[in-house]
Amino acid sequence: MTAVEDHLATVDDLPRITSRSKAVLHSVTGRKGPVSLDEVMEVAGLQTRHEKKYLLTPREFVELSAALEDFRVLQIDGKRLFGYESAYFDSPDLALFRAHRQGRRQRYKVRTRTYLDSGESLFEVKLKGGRGETVKLRLPYEFEDRSRITGEAQDFLEDALRDSYDAEPPELTPSLTTRYTRATFVDVADGARLTCDIDLACTGEDTTEYGPDLILVESKSTGSGRADEVLAAMGVRPVSVSKYCVGIALTNPDLPANKWNRMLRTRFGWEREYDDAA
């Protein structure tokens with residue numbers, strides 16, 4: 001039995017009552033060499049990039065990681081798994097969510113990103129570029145302000161939308177908060193990055209919903225990355241998934257989710273609720 005086969009057998013033996021994804025991610029990160037945050041930002045600070053996302057079972061993730069021999073894992077103060085929080089903002093009628101649901105070319109997300117282990121917060125505007133690439137604009141933010149848009153952040157957002165889309169933002173209010181655990185893998189040779197997220201929790205106005213025991217892998221590169229090639233050879237296809245859009249659908253089951261319906265039903269156990277009076 002090879003080392004990979006032995007590891008896969010171990011995955012199958014993990015207790016079902018625990019998060020198999022977390023156990024596997026912890027194990028895999030421990031087998032990779034470390035890379036510092038400064039090194040990551042130097043070789044993989046891709047703020048304009050192409051992204052592909054995958055929902056992997058623990059077994060698929062082990063197979064992928066075994067093929068990425070040159071990838072190293074981000075380590076800060078001896079830690080390799082980190083807690084993240086994102087607070088999203090949308091209009092009262094969820095115009096930003098609807099733009100993504102409808103696949104509009106000029107679509108964007110507005111959020112704060114907080115690194116829970118350090119307390120560092122950022123205000124972020126994620127825009128879809130004309131060639132399908134993602135452009136991320138960031139502003140340092142106070143931890144205490146992470147659930148609101150300050151005057152400085154509003155100006156930053158308006159400038160970003162004018163420059164990119166010649167548009168003005170609608171009035172935005174808090175719409176969703178997500179929390180999850182992440183590990184980051186980096187190919188220091190070509191700067192490709194792989195983020196791996198587990199234990200997703202989505203909190204809306206009245207409820208908190210949880211993601212499945214799967215690993216959300218996002219490949220970030222300037223072109224076709226090694227991870228994408230490996231996953232294609234494994235027969236694993238990219239999925240159209242956004243934590244924000246999934247979270248809105250999960251916490252608002254009366255809303256149509258269109259392009260994510262099948263993925264939400266098969267992977268998240270979601271069923272749309274219909275208003276009988278409508």
# chains A, B, ... in the order shown; residues from 1 in each chain; ligands from 1
>>> residues_around(residues="Cys196 (chain A)", least_positions_apart="4", cutoff="6 Å", atoms="only C-alpha atoms", output="MDAnalysis selection string")
chainID A and resid 182:183 216:217
>>> write_last_selection(atoms="N, CA, C and O atoms", output="compact mmCIF listing (two decimals), in the first residue's frame")
# COMPACT_ATOMS: atom_id res chain seq x y z
N ARG A 182 -9.60 28.25 7.65
CA ARG A 182 -8.89 28.22 6.38
C ARG A 182 -7.44 27.80 6.55
O ARG A 182 -6.78 28.17 7.52
N ALA A 183 -6.95 27.02 5.58
CA ALA A 183 -5.52 26.78 5.40
C ALA A 183 -5.16 27.25 4.00
O ALA A 183 -5.98 27.16 3.08
N LEU A 216 -13.97 23.39 0.74
CA LEU A 216 -14.10 24.32 -0.36
C LEU A 216 -12.70 24.79 -0.75
O LEU A 216 -12.04 25.51 0.01
N VAL A 217 -12.26 24.37 -1.91
CA VAL A 217 -10.93 24.68 -2.39
C VAL A 217 -11.04 25.73 -3.48
O VAL A 217 -11.83 25.59 -4.42
>>> select_by_dssp(residues="region 28-258 of chain A", states="strand (DSSP E or B)", output="PyMOL selection string")
chain A and resi 34-35+48-56+72-74+76+79+82-90+108-115+120-128+134-141+173-186+193-203+208-210+215-221
>>> closest_residue(among="A:Tyr244, A:Tyr180, A:Tyr165, A:Tyr141", to="Arg107 (chain A)", atoms="only C-alpha atoms")
A:Tyr165
>>> select_by_dssp(residues="region 6-219 of chain A", states="alpha helix (DSSP H)", output="JSON, numbers by chain")
{"A": [6, 7, 8, 9, 10, 11, 12, 13, 20, 21, 22, 23, 24, 25, 26, 27, 28, 29, 30, 31, 37, 38, 39, 40, 41, 42, 43, 44, 58, 59, 60, 61, 62, 63, 64, 65, 66, 67, 95, 96, 97, 98, 99, 100, 101, 151, 152, 153, 154, 155, 156, 157, 158, 159, 160, 161, 162, 163, 164, 165]}
>>> residues_around(residues="Phe82 (chain A)", least_positions_apart="3", cutoff="12 Å", atoms="only C-alpha atoms", output="mmCIF file with all heavy atoms, in the first residue's frame")
data_model
loop_
_atom_site.group_PDB
_atom_site.id
_atom_site.type_symbol
_atom_site.label_atom_id
_atom_site.label_comp_id
_atom_site.auth_asym_id
_atom_site.auth_seq_id
_atom_site.Cartn_x
_atom_site.Cartn_y
_atom_site.Cartn_z
ATOM 1 N N LYS A 22 -12.069 18.605 8.717
ATOM 2 C CA LYS A 22 -11.122 19.288 9.597
ATOM 3 C C LYS A 22 -9.970 18.369 9.974
ATOM 4 O O LYS A 22 -8.799 18.789 10.001
ATOM 5 C CB LYS A 22 -11.828 19.790 10.862
ATOM 6 C CG LYS A 22 -10.928 20.643 11.744
ATOM 7 C CD LYS A 22 -11.726 21.315 12.845
ATOM 8 C CE LYS A 22 -10.853 22.298 13.634
ATOM 9 N NZ LYS A 22 -11.634 23.029 14.651
ATOM 10 N N LEU A 25 -7.726 18.114 6.857
ATOM 11 C CA LEU A 25 -6.988 19.348 6.596
ATOM 12 C C LEU A 25 -5.869 19.525 7.613
ATOM 13 O O LEU A 25 -4.750 19.920 7.260
ATOM 14 C CB LEU A 25 -7.947 20.537 6.644
ATOM 15 C CG LEU A 25 -7.376 21.870 6.159
ATOM 16 C CD1 LEU A 25 -6.890 21.779 4.728
ATOM 17 C CD2 LEU A 25 -8.411 22.985 6.311
ATOM 18 N N HIS A 26 -6.147 19.210 8.871
ATOM 19 C CA HIS A 26 -5.112 19.298 9.902
ATOM 20 C C HIS A 26 -3.972 18.340 9.599
ATOM 21 O O HIS A 26 -2.791 18.682 9.717
ATOM 22 C CB HIS A 26 -5.725 18.989 11.264
ATOM 23 C CG HIS A 26 -4.772 19.177 12.406
ATOM 24 N ND1 HIS A 26 -3.905 18.187 12.819
ATOM 25 C CD2 HIS A 26 -4.536 20.245 13.205
ATOM 26 C CE1 HIS A 26 -3.182 18.631 13.830
ATOM 27 N NE2 HIS A 26 -3.541 19.867 14.084
ATOM 28 N N THR A 29 -1.947 19.571 6.308
ATOM 29 C CA THR A 29 -1.104 20.741 6.540
ATOM 30 C C THR A 29 0.140 20.378 7.344
ATOM 31 O O THR A 29 1.204 20.983 7.168
ATOM 32 C CB THR A 29 -1.873 21.855 7.279
ATOM 33 O OG1 THR A 29 -2.411 21.339 8.513
ATOM 34 C CG2 THR A 29 -2.996 22.404 6.429
ATOM 35 N N VAL A 73 2.662 25.288 3.020
ATOM 36 C CA VAL A 73 1.476 25.769 3.728
ATOM 37 C C VAL A 73 1.835 26.993 4.572
ATOM 38 O O VAL A 73 2.898 27.057 5.198
ATOM 39 C CB VAL A 73 0.878 24.647 4.619
ATOM 40 C CG1 VAL A 73 1.851 24.209 5.697
ATOM 41 C CG2 VAL A 73 -0.439 25.100 5.236
ATOM 42 N N LEU A 74 0.957 27.986 4.545
ATOM 43 C CA LEU A 74 1.163 29.193 5.330
ATOM 44 C C LEU A 74 1.197 28.856 6.814
ATOM 45 O O LEU A 74 0.314 28.179 7.334
ATOM 46 C CB LEU A 74 0.025 30.187 5.054
ATOM 47 C CG LEU A 74 0.006 31.438 5.928
ATOM 48 C CD1 LEU A 74 1.244 32.295 5.692
ATOM 49 C CD2 LEU A 74 -1.265 32.245 5.666
ATOM 50 N N GLN A 75 2.233 29.374 7.491
ATOM 51 C CA GLN A 75 2.370 29.160 8.942
ATOM 52 C C GLN A 75 2.675 30.498 9.603
ATOM 53 O O GLN A 75 3.587 31.215 9.183
ATOM 54 C CB GLN A 75 3.484 28.157 9.236
ATOM 55 C CG GLN A 75 3.722 27.917 10.730
ATOM 56 C CD GLN A 75 4.701 26.778 10.978
ATOM 57 O OE1 GLN A 75 4.449 25.647 10.587
ATOM 58 N NE2 GLN A 75 5.828 27.082 11.617
ATOM 59 N N ILE A 76 1.895 30.833 10.633
ATOM 60 C CA ILE A 76 2.097 32.062 11.396
ATOM 61 C C ILE A 76 2.097 31.703 12.876
ATOM 62 O O ILE A 76 1.127 31.124 13.377
ATOM 63 C CB ILE A 76 0.990 33.095 11.110
ATOM 64 C CG1 ILE A 76 0.919 33.425 9.609
ATOM 65 C CG2 ILE A 76 1.221 34.367 11.921
ATOM 66 C CD1 ILE A 76 -0.240 34.341 9.246
ATOM 67 N N ASP A 77 3.186 32.029 13.551
ATOM 68 C CA ASP A 77 3.301 31.737 14.989
ATOM 69 C C ASP A 77 2.995 30.273 15.298
ATOM 70 O O ASP A 77 2.332 29.952 16.296
ATOM 71 C CB ASP A 77 2.377 32.645 15.809
ATOM 72 C CG ASP A 77 2.758 34.114 15.697
ATOM 73 O OD1 ASP A 77 3.953 34.401 15.482
ATOM 74 O OD2 ASP A 77 1.868 34.975 15.813
ATOM 75 N N GLY A 78 3.450 29.393 14.417
ATOM 76 C CA GLY A 78 3.278 27.964 14.626
ATOM 77 C C GLY A 78 1.908 27.427 14.236
ATOM 78 O O GLY A 78 1.684 26.217 14.304
ATOM 79 N N LYS A 79 0.995 28.285 13.802
ATOM 80 C CA LYS A 79 -0.358 27.851 13.438
ATOM 81 C C LYS A 79 -0.483 27.717 11.925
ATOM 82 O O LYS A 79 0.124 28.474 11.165
ATOM 83 C CB LYS A 79 -1.400 28.849 13.946
ATOM 84 C CG LYS A 79 -1.499 28.960 15.454
ATOM 85 C CD LYS A 79 -2.714 29.767 15.857
ATOM 86 C CE LYS A 79 -4.001 29.077 15.449
ATOM 87 N NZ LYS A 79 -5.207 29.781 15.972
ATOM 88 N N GLU A 85 -13.622 35.683 9.479
ATOM 89 C CA GLU A 85 -14.985 36.195 9.543
ATOM 90 C C GLU A 85 -15.169 37.217 8.433
ATOM 91 O O GLU A 85 -14.315 38.082 8.237
ATOM 92 C CB GLU A 85 -15.278 36.851 10.888
ATOM 93 C CG GLU A 85 -16.679 37.449 10.994
ATOM 94 C CD GLU A 85 -16.855 38.273 12.247
ATOM 95 O OE1 GLU A 85 -17.251 37.702 13.281
ATOM 96 O OE2 GLU A 85 -16.585 39.492 12.202
ATOM 97 N N THR A 114 -12.135 39.771 8.479
ATOM 98 C CA THR A 114 -11.421 39.805 9.752
ATOM 99 C C THR A 114 -10.688 38.496 9.972
ATOM 100 O O THR A 114 -11.279 37.418 9.827
ATOM 101 C CB THR A 114 -12.390 40.063 10.924
ATOM 102 O OG1 THR A 114 -13.020 41.333 10.741
ATOM 103 C CG2 THR A 114 -11.646 40.069 12.255
ATOM 104 N N TYR A 115 -9.415 38.606 10.300
ATOM 105 C CA TYR A 115 -8.595 37.449 10.645
ATOM 106 C C TYR A 115 -8.706 37.278 12.162
ATOM 107 O O TYR A 115 -8.136 38.048 12.940
ATOM 108 C CB TYR A 115 -7.151 37.671 10.207
ATOM 109 C CG TYR A 115 -7.037 37.974 8.723
ATOM 110 C CD1 TYR A 115 -7.041 39.289 8.265
ATOM 111 C CD2 TYR A 115 -6.948 36.945 7.786
ATOM 112 C CE1 TYR A 115 -6.955 39.571 6.907
ATOM 113 C CE2 TYR A 115 -6.857 37.220 6.421
ATOM 114 C CZ TYR A 115 -6.862 38.536 5.997
ATOM 115 O OH TYR A 115 -6.789 38.805 4.649
ATOM 116 N N LEU A 116 -9.486 36.282 12.562
ATOM 117 C CA LEU A 116 -9.873 36.183 13.966
ATOM 118 C C LEU A 116 -8.707 35.899 14.894
ATOM 119 O O LEU A 116 -8.742 36.258 16.071
ATOM 120 C CB LEU A 116 -10.952 35.108 14.120
ATOM 121 C CG LEU A 116 -12.270 35.415 13.396
ATOM 122 C CD1 LEU A 116 -13.215 34.217 13.482
ATOM 123 C CD2 LEU A 116 -12.932 36.659 13.970
ATOM 124 N N ASP A 117 -7.656 35.261 14.392
ATOM 125 C CA ASP A 117 -6.516 34.948 15.256
ATOM 126 C C ASP A 117 -5.693 36.181 15.605
ATOM 127 O O ASP A 117 -5.080 36.243 16.670
ATOM 128 C CB ASP A 117 -5.628 33.902 14.574
ATOM 129 C CG ASP A 117 -6.353 32.588 14.380
ATOM 130 O OD1 ASP A 117 -6.360 31.769 15.323
ATOM 131 O OD2 ASP A 117 -6.938 32.384 13.303
ATOM 132 N N SER A 118 -5.674 37.177 14.707
ATOM 133 C CA SER A 118 -4.885 38.383 14.951
ATOM 134 C C SER A 118 -5.747 39.598 15.254
ATOM 135 O O SER A 118 -5.254 40.589 15.801
ATOM 136 C CB SER A 118 -4.014 38.694 13.728
ATOM 137 O OG SER A 118 -4.819 39.054 12.607
ATOM 138 N N GLY A 119 -7.034 39.547 14.887
ATOM 139 C CA GLY A 119 -7.896 40.695 15.071
ATOM 140 C C GLY A 119 -7.773 41.736 13.968
ATOM 141 O O GLY A 119 -8.415 42.789 14.026
ATOM 142 N N ARG A 179 -18.440 32.665 8.942
ATOM 143 C CA ARG A 179 -17.222 32.287 9.668
ATOM 144 C C ARG A 179 -16.786 30.921 9.167
ATOM 145 O O ARG A 179 -17.626 30.066 8.862
ATOM 146 C CB ARG A 179 -17.459 32.237 11.184
ATOM 147 C CG ARG A 179 -17.594 33.601 11.825
ATOM 148 C CD ARG A 179 -17.459 33.524 13.341
ATOM 149 N NE ARG A 179 -17.492 34.832 13.965
ATOM 150 C CZ ARG A 179 -16.994 35.106 15.158
ATOM 151 N NH1 ARG A 179 -16.422 34.141 15.869
ATOM 152 N NH2 ARG A 179 -17.063 36.317 15.659
ATOM 153 N N TYR A 180 -15.478 30.719 9.099
ATOM 154 C CA TYR A 180 -14.941 29.447 8.623
ATOM 155 C C TYR A 180 -13.486 29.341 9.020
ATOM 156 O O TYR A 180 -12.877 30.306 9.520
ATOM 157 C CB TYR A 180 -15.098 29.322 7.098
ATOM 158 C CG TYR A 180 -14.543 30.488 6.321
ATOM 159 C CD1 TYR A 180 -13.245 30.485 5.815
ATOM 160 C CD2 TYR A 180 -15.326 31.617 6.090
ATOM 161 C CE1 TYR A 180 -12.752 31.561 5.111
ATOM 162 C CE2 TYR A 180 -14.834 32.699 5.387
ATOM 163 C CZ TYR A 180 -13.545 32.669 4.892
ATOM 164 O OH TYR A 180 -13.054 33.742 4.199
ATOM 165 N N THR A 181 -12.923 28.145 8.827
ATOM 166 C CA THR A 181 -11.504 27.884 9.104
ATOM 167 C C THR A 181 -10.798 27.667 7.780
ATOM 168 O O THR A 181 -11.301 26.967 6.906
ATOM 169 C CB THR A 181 -11.356 26.645 10.004
ATOM 170 O OG1 THR A 181 -12.035 26.883 11.241
ATOM 171 C CG2 THR A 181 -9.887 26.347 10.281
ATOM 172 N N ARG A 182 -9.604 28.252 7.652
ATOM 173 C CA ARG A 182 -8.888 28.217 6.376
ATOM 174 C C ARG A 182 -7.437 27.802 6.553
ATOM 175 O O ARG A 182 -6.776 28.173 7.524
ATOM 176 C CB ARG A 182 -8.933 29.578 5.692
ATOM 177 C CG ARG A 182 -7.978 29.751 4.522
ATOM 178 C CD ARG A 182 -8.200 31.044 3.762
ATOM 179 N NE ARG A 182 -9.469 30.993 3.012
ATOM 180 C CZ ARG A 182 -9.879 31.961 2.195
ATOM 181 N NH1 ARG A 182 -9.138 33.050 2.036
ATOM 182 N NH2 ARG A 182 -11.025 31.832 1.549
ATOM 183 N N ALA A 183 -6.949 27.021 5.583
ATOM 184 C CA ALA A 183 -5.516 26.778 5.403
ATOM 185 C C ALA A 183 -5.164 27.253 4.003
ATOM 186 O O ALA A 183 -5.979 27.156 3.076
ATOM 187 C CB ALA A 183 -5.181 25.299 5.568
ATOM 188 N N THR A 184 -3.952 27.774 3.846
ATOM 189 C CA THR A 184 -3.514 28.306 2.553
ATOM 190 C C THR A 184 -2.252 27.599 2.100
ATOM 191 O O THR A 184 -1.261 27.538 2.837
ATOM 192 C CB THR A 184 -3.254 29.818 2.653
ATOM 193 O OG1 THR A 184 -4.462 30.489 3.033
ATOM 194 C CG2 THR A 184 -2.782 30.386 1.318
ATOM 195 N N THR A 195 -6.558 28.153 -1.419
ATOM 196 C CA THR A 195 -7.172 28.309 -0.102
ATOM 197 C C THR A 195 -8.156 27.169 0.113
ATOM 198 O O THR A 195 -8.872 26.767 -0.809
ATOM 199 C CB THR A 195 -7.894 29.664 0.028
ATOM 200 O OG1 THR A 195 -8.913 29.773 -0.965
ATOM 201 C CG2 THR A 195 -6.905 30.809 -0.113
ATOM 202 N N CYS A 196 -8.187 26.664 1.330
ATOM 203 C CA CYS A 196 -8.971 25.473 1.661
ATOM 204 C C CYS A 196 -9.799 25.778 2.903
ATOM 205 O O CYS A 196 -9.247 25.960 3.997
ATOM 206 C CB CYS A 196 -8.057 24.280 1.905
ATOM 207 S SG CYS A 196 -6.863 24.011 0.553
ATOM 208 N N ASP A 197 -11.123 25.840 2.740
ATOM 209 C CA ASP A 197 -12.013 26.293 3.806
ATOM 210 C C ASP A 197 -12.925 25.172 4.295
ATOM 211 O O ASP A 197 -13.446 24.388 3.488
ATOM 212 C CB ASP A 197 -12.883 27.447 3.309
ATOM 213 C CG ASP A 197 -12.061 28.649 2.866
ATOM 214 O OD1 ASP A 197 -10.900 28.762 3.301
ATOM 215 O OD2 ASP A 197 -12.581 29.465 2.091
ATOM 216 N N ILE A 198 -13.130 25.141 5.604
ATOM 217 C CA ILE A 198 -14.000 24.150 6.233
ATOM 218 C C ILE A 198 -14.843 24.836 7.302
ATOM 219 O O ILE A 198 -14.619 25.994 7.661
ATOM 220 C CB ILE A 198 -13.183 23.007 6.875
ATOM 221 C CG1 ILE A 198 -12.195 23.582 7.904
ATOM 222 C CG2 ILE A 198 -12.450 22.195 5.818
ATOM 223 C CD1 ILE A 198 -11.511 22.539 8.761
ATOM 224 N N ASP A 199 -15.813 24.091 7.839
ATOM 225 C CA ASP A 199 -16.630 24.526 8.982
ATOM 226 C C ASP A 199 -17.312 25.869 8.727
ATOM 227 O O ASP A 199 -17.287 26.781 9.560
ATOM 228 C CB ASP A 199 -15.777 24.605 10.252
ATOM 229 C CG ASP A 199 -15.240 23.250 10.686
ATOM 230 O OD1 ASP A 199 -15.757 22.232 10.190
ATOM 231 O OD2 ASP A 199 -14.304 23.214 11.503
#
>>> residues_around(residues="region 260-270 of chain A", least_positions_apart="5", cutoff="10 Å", atoms="only C-alpha atoms", output="list in words")
Leu55, Arg101, Glu209, Tyr210, Gly211, Pro212, Asp213, Leu214, Val239, Ser240, Val241, Ser242, Cys245, Val246, Ala249, Leu250 and Pro253 of chain A
>>> atom_distance(atom1="CA of Ser21 (chain A)", atom2="CA of Ala67 (chain A)")
18.2 Å
>>> closest_residue(among="A:Lys243, A:Arg111, A:Arg226, A:Lys126", to="Pro174 (chain A)", atoms="only C-alpha atoms")
A:Arg111
>>> closest_residue(among="A:Leu194, A:Ala66, A:Ala227, A:Ala233", to="Val28 (chain A)", atoms="only C-alpha atoms")
A:Ala66
>>> atom_distance(atom1="CA of Arg162 (chain A)", atom2="CA of Pro140 (chain A)")
20.4 Å
>>> decode(residues="region 131-142 of chain A", atoms="all heavy atoms", output="PDB file, in the first residue's frame")
ATOM      1  N   ARG A 131     -12.607  40.550 -18.312  1.00  0.00           N
ATOM      2  CA  ARG A 131     -12.202  39.258 -18.869  1.00  0.00           C
ATOM      3  C   ARG A 131     -12.492  38.105 -17.920  1.00  0.00           C
ATOM      4  O   ARG A 131     -11.945  37.016 -18.062  1.00  0.00           O
ATOM      5  CB  ARG A 131     -10.716  39.286 -19.213  1.00  0.00           C
ATOM      6  CG  ARG A 131     -10.370  40.314 -20.283  1.00  0.00           C
ATOM      7  CD  ARG A 131      -8.892  40.295 -20.608  1.00  0.00           C
ATOM      8  NE  ARG A 131      -8.553  41.268 -21.650  1.00  0.00           N
ATOM      9  CZ  ARG A 131      -7.328  41.461 -22.118  1.00  0.00           C
ATOM     10  NH1 ARG A 131      -6.314  40.763 -21.635  1.00  0.00           N
ATOM     11  NH2 ARG A 131      -7.117  42.360 -23.065  1.00  0.00           N
ATOM     12  N   GLY A 132     -13.332  38.349 -16.925  1.00  0.00           N
ATOM     13  CA  GLY A 132     -13.709  37.303 -15.988  1.00  0.00           C
ATOM     14  C   GLY A 132     -12.808  37.182 -14.782  1.00  0.00           C
ATOM     15  O   GLY A 132     -13.051  36.361 -13.906  1.00  0.00           O
ATOM     16  N   GLU A 133     -11.753  38.013 -14.716  1.00  0.00           N
ATOM     17  CA  GLU A 133     -10.857  37.945 -13.578  1.00  0.00           C
ATOM     18  C   GLU A 133     -11.469  38.671 -12.379  1.00  0.00           C
ATOM     19  O   GLU A 133     -12.353  39.509 -12.522  1.00  0.00           O
ATOM     20  CB  GLU A 133      -9.495  38.553 -13.923  1.00  0.00           C
ATOM     21  CG  GLU A 133      -9.444  40.072 -13.998  1.00  0.00           C
ATOM     22  CD  GLU A 133      -9.917  40.645 -15.326  1.00  0.00           C
ATOM     23  OE1 GLU A 133     -10.508  39.886 -16.128  1.00  0.00           O
ATOM     24  OE2 GLU A 133      -9.726  41.854 -15.553  1.00  0.00           O
ATOM     25  N   THR A 134     -10.989  38.320 -11.186  1.00  0.00           N
ATOM     26  CA  THR A 134     -11.454  38.966  -9.961  1.00  0.00           C
ATOM     27  C   THR A 134     -10.442  40.018  -9.534  1.00  0.00           C
ATOM     28  O   THR A 134      -9.246  39.754  -9.454  1.00  0.00           O
ATOM     29  CB  THR A 134     -11.631  37.939  -8.834  1.00  0.00           C
ATOM     30  OG1 THR A 134     -12.639  36.994  -9.225  1.00  0.00           O
ATOM     31  CG2 THR A 134     -12.076  38.615  -7.546  1.00  0.00           C
ATOM     32  N   VAL A 135     -10.930  41.226  -9.274  1.00  0.00           N
ATOM     33  CA  VAL A 135     -10.088  42.321  -8.796  1.00  0.00           C
ATOM     34  C   VAL A 135     -10.514  42.649  -7.373  1.00  0.00           C
ATOM     35  O   VAL A 135     -11.682  42.948  -7.122  1.00  0.00           O
ATOM     36  CB  VAL A 135     -10.223  43.567  -9.693  1.00  0.00           C
ATOM     37  CG1 VAL A 135      -9.328  44.694  -9.182  1.00  0.00           C
ATOM     38  CG2 VAL A 135      -9.886  43.227 -11.146  1.00  0.00           C
ATOM     39  N   LYS A 136      -9.574  42.569  -6.447  1.00  0.00           N
ATOM     40  CA  LYS A 136      -9.882  42.826  -5.042  1.00  0.00           C
ATOM     41  C   LYS A 136      -9.186  44.109  -4.596  1.00  0.00           C
ATOM     42  O   LYS A 136      -7.972  44.245  -4.722  1.00  0.00           O
ATOM     43  CB  LYS A 136      -9.430  41.660  -4.167  1.00  0.00           C
ATOM     44  CG  LYS A 136      -9.784  41.827  -2.682  1.00  0.00           C
ATOM     45  CD  LYS A 136      -9.150  40.737  -1.817  1.00  0.00           C
ATOM     46  CE  LYS A 136      -9.763  39.390  -2.075  1.00  0.00           C
ATOM     47  NZ  LYS A 136      -9.213  38.367  -1.144  1.00  0.00           N
ATOM     48  N   LEU A 137      -9.966  45.042  -4.067  1.00  0.00           N
ATOM     49  CA  LEU A 137      -9.449  46.313  -3.543  1.00  0.00           C
ATOM     50  C   LEU A 137      -9.653  46.324  -2.037  1.00  0.00           C
ATOM     51  O   LEU A 137     -10.725  45.973  -1.541  1.00  0.00           O
ATOM     52  CB  LEU A 137     -10.176  47.487  -4.195  1.00  0.00           C
ATOM     53  CG  LEU A 137     -10.155  47.519  -5.736  1.00  0.00           C
ATOM     54  CD1 LEU A 137     -10.989  48.678  -6.251  1.00  0.00           C
ATOM     55  CD2 LEU A 137      -8.735  47.590  -6.265  1.00  0.00           C
ATOM     56  N   ARG A 138      -8.618  46.747  -1.303  1.00  0.00           N
ATOM     57  CA  ARG A 138      -8.645  46.627   0.155  1.00  0.00           C
ATOM     58  C   ARG A 138      -8.314  47.943   0.843  1.00  0.00           C
ATOM     59  O   ARG A 138      -7.529  48.750   0.346  1.00  0.00           O
ATOM     60  CB  ARG A 138      -7.616  45.573   0.609  1.00  0.00           C
ATOM     61  CG  ARG A 138      -8.000  44.151   0.304  1.00  0.00           C
ATOM     62  CD  ARG A 138      -6.877  43.206   0.678  1.00  0.00           C
ATOM     63  NE  ARG A 138      -7.356  41.862   0.894  1.00  0.00           N
ATOM     64  CZ  ARG A 138      -6.558  40.832   1.198  1.00  0.00           C
ATOM     65  NH1 ARG A 138      -5.251  41.009   1.318  1.00  0.00           N
ATOM     66  NH2 ARG A 138      -7.083  39.635   1.395  1.00  0.00           N
ATOM     67  N   LEU A 139      -8.909  48.100   2.016  1.00  0.00           N
ATOM     68  CA  LEU A 139      -8.671  49.259   2.863  1.00  0.00           C
ATOM     69  C   LEU A 139      -8.492  48.778   4.301  1.00  0.00           C
ATOM     70  O   LEU A 139      -9.344  48.043   4.811  1.00  0.00           O
ATOM     71  CB  LEU A 139      -9.874  50.214   2.786  1.00  0.00           C
ATOM     72  CG  LEU A 139      -9.842  51.470   3.650  1.00  0.00           C
ATOM     73  CD1 LEU A 139      -8.818  52.462   3.105  1.00  0.00           C
ATOM     74  CD2 LEU A 139     -11.240  52.106   3.693  1.00  0.00           C
ATOM     75  N   PRO A 140      -7.395  49.135   4.989  1.00  0.00           N
ATOM     76  CA  PRO A 140      -7.254  48.751   6.408  1.00  0.00           C
ATOM     77  C   PRO A 140      -8.443  49.268   7.210  1.00  0.00           C
ATOM     78  O   PRO A 140      -8.951  50.372   6.968  1.00  0.00           O
ATOM     79  CB  PRO A 140      -5.945  49.434   6.822  1.00  0.00           C
ATOM     80  CG  PRO A 140      -5.184  49.600   5.543  1.00  0.00           C
ATOM     81  CD  PRO A 140      -6.215  49.879   4.491  1.00  0.00           C
ATOM     82  N   TYR A 141      -8.891  48.457   8.186  1.00  0.00           N
ATOM     83  CA  TYR A 141     -10.144  48.745   8.887  1.00  0.00           C
ATOM     84  C   TYR A 141      -9.991  48.464  10.366  1.00  0.00           C
ATOM     85  O   TYR A 141      -9.210  47.584  10.772  1.00  0.00           O
ATOM     86  CB  TYR A 141     -11.249  47.862   8.307  1.00  0.00           C
ATOM     87  CG  TYR A 141     -12.565  48.559   8.082  1.00  0.00           C
ATOM     88  CD1 TYR A 141     -12.644  49.702   7.308  1.00  0.00           C
ATOM     89  CD2 TYR A 141     -13.746  48.050   8.631  1.00  0.00           C
ATOM     90  CE1 TYR A 141     -13.863  50.326   7.070  1.00  0.00           C
ATOM     91  CE2 TYR A 141     -14.974  48.656   8.402  1.00  0.00           C
ATOM     92  CZ  TYR A 141     -15.019  49.803   7.617  1.00  0.00           C
ATOM     93  OH  TYR A 141     -16.228  50.421   7.389  1.00  0.00           O
ATOM     94  N   GLU A 142     -10.756  49.182  11.163  1.00  0.00           N
ATOM     95  CA  GLU A 142     -10.761  48.946  12.602  1.00  0.00           C
ATOM     96  C   GLU A 142     -11.640  47.728  12.923  1.00  0.00           C
ATOM     97  O   GLU A 142     -12.720  47.571  12.354  1.00  0.00           O
ATOM     98  CB  GLU A 142     -11.287  50.165  13.356  1.00  0.00           C
ATOM     99  CG  GLU A 142     -10.395  51.392  13.261  1.00  0.00           C
ATOM    100  CD  GLU A 142      -9.045  51.185  13.932  1.00  0.00           C
ATOM    101  OE1 GLU A 142      -8.983  50.389  14.899  1.00  0.00           O
ATOM    102  OE2 GLU A 142      -8.064  51.808  13.481  1.00  0.00           O
TER     103      GLU A 142
END
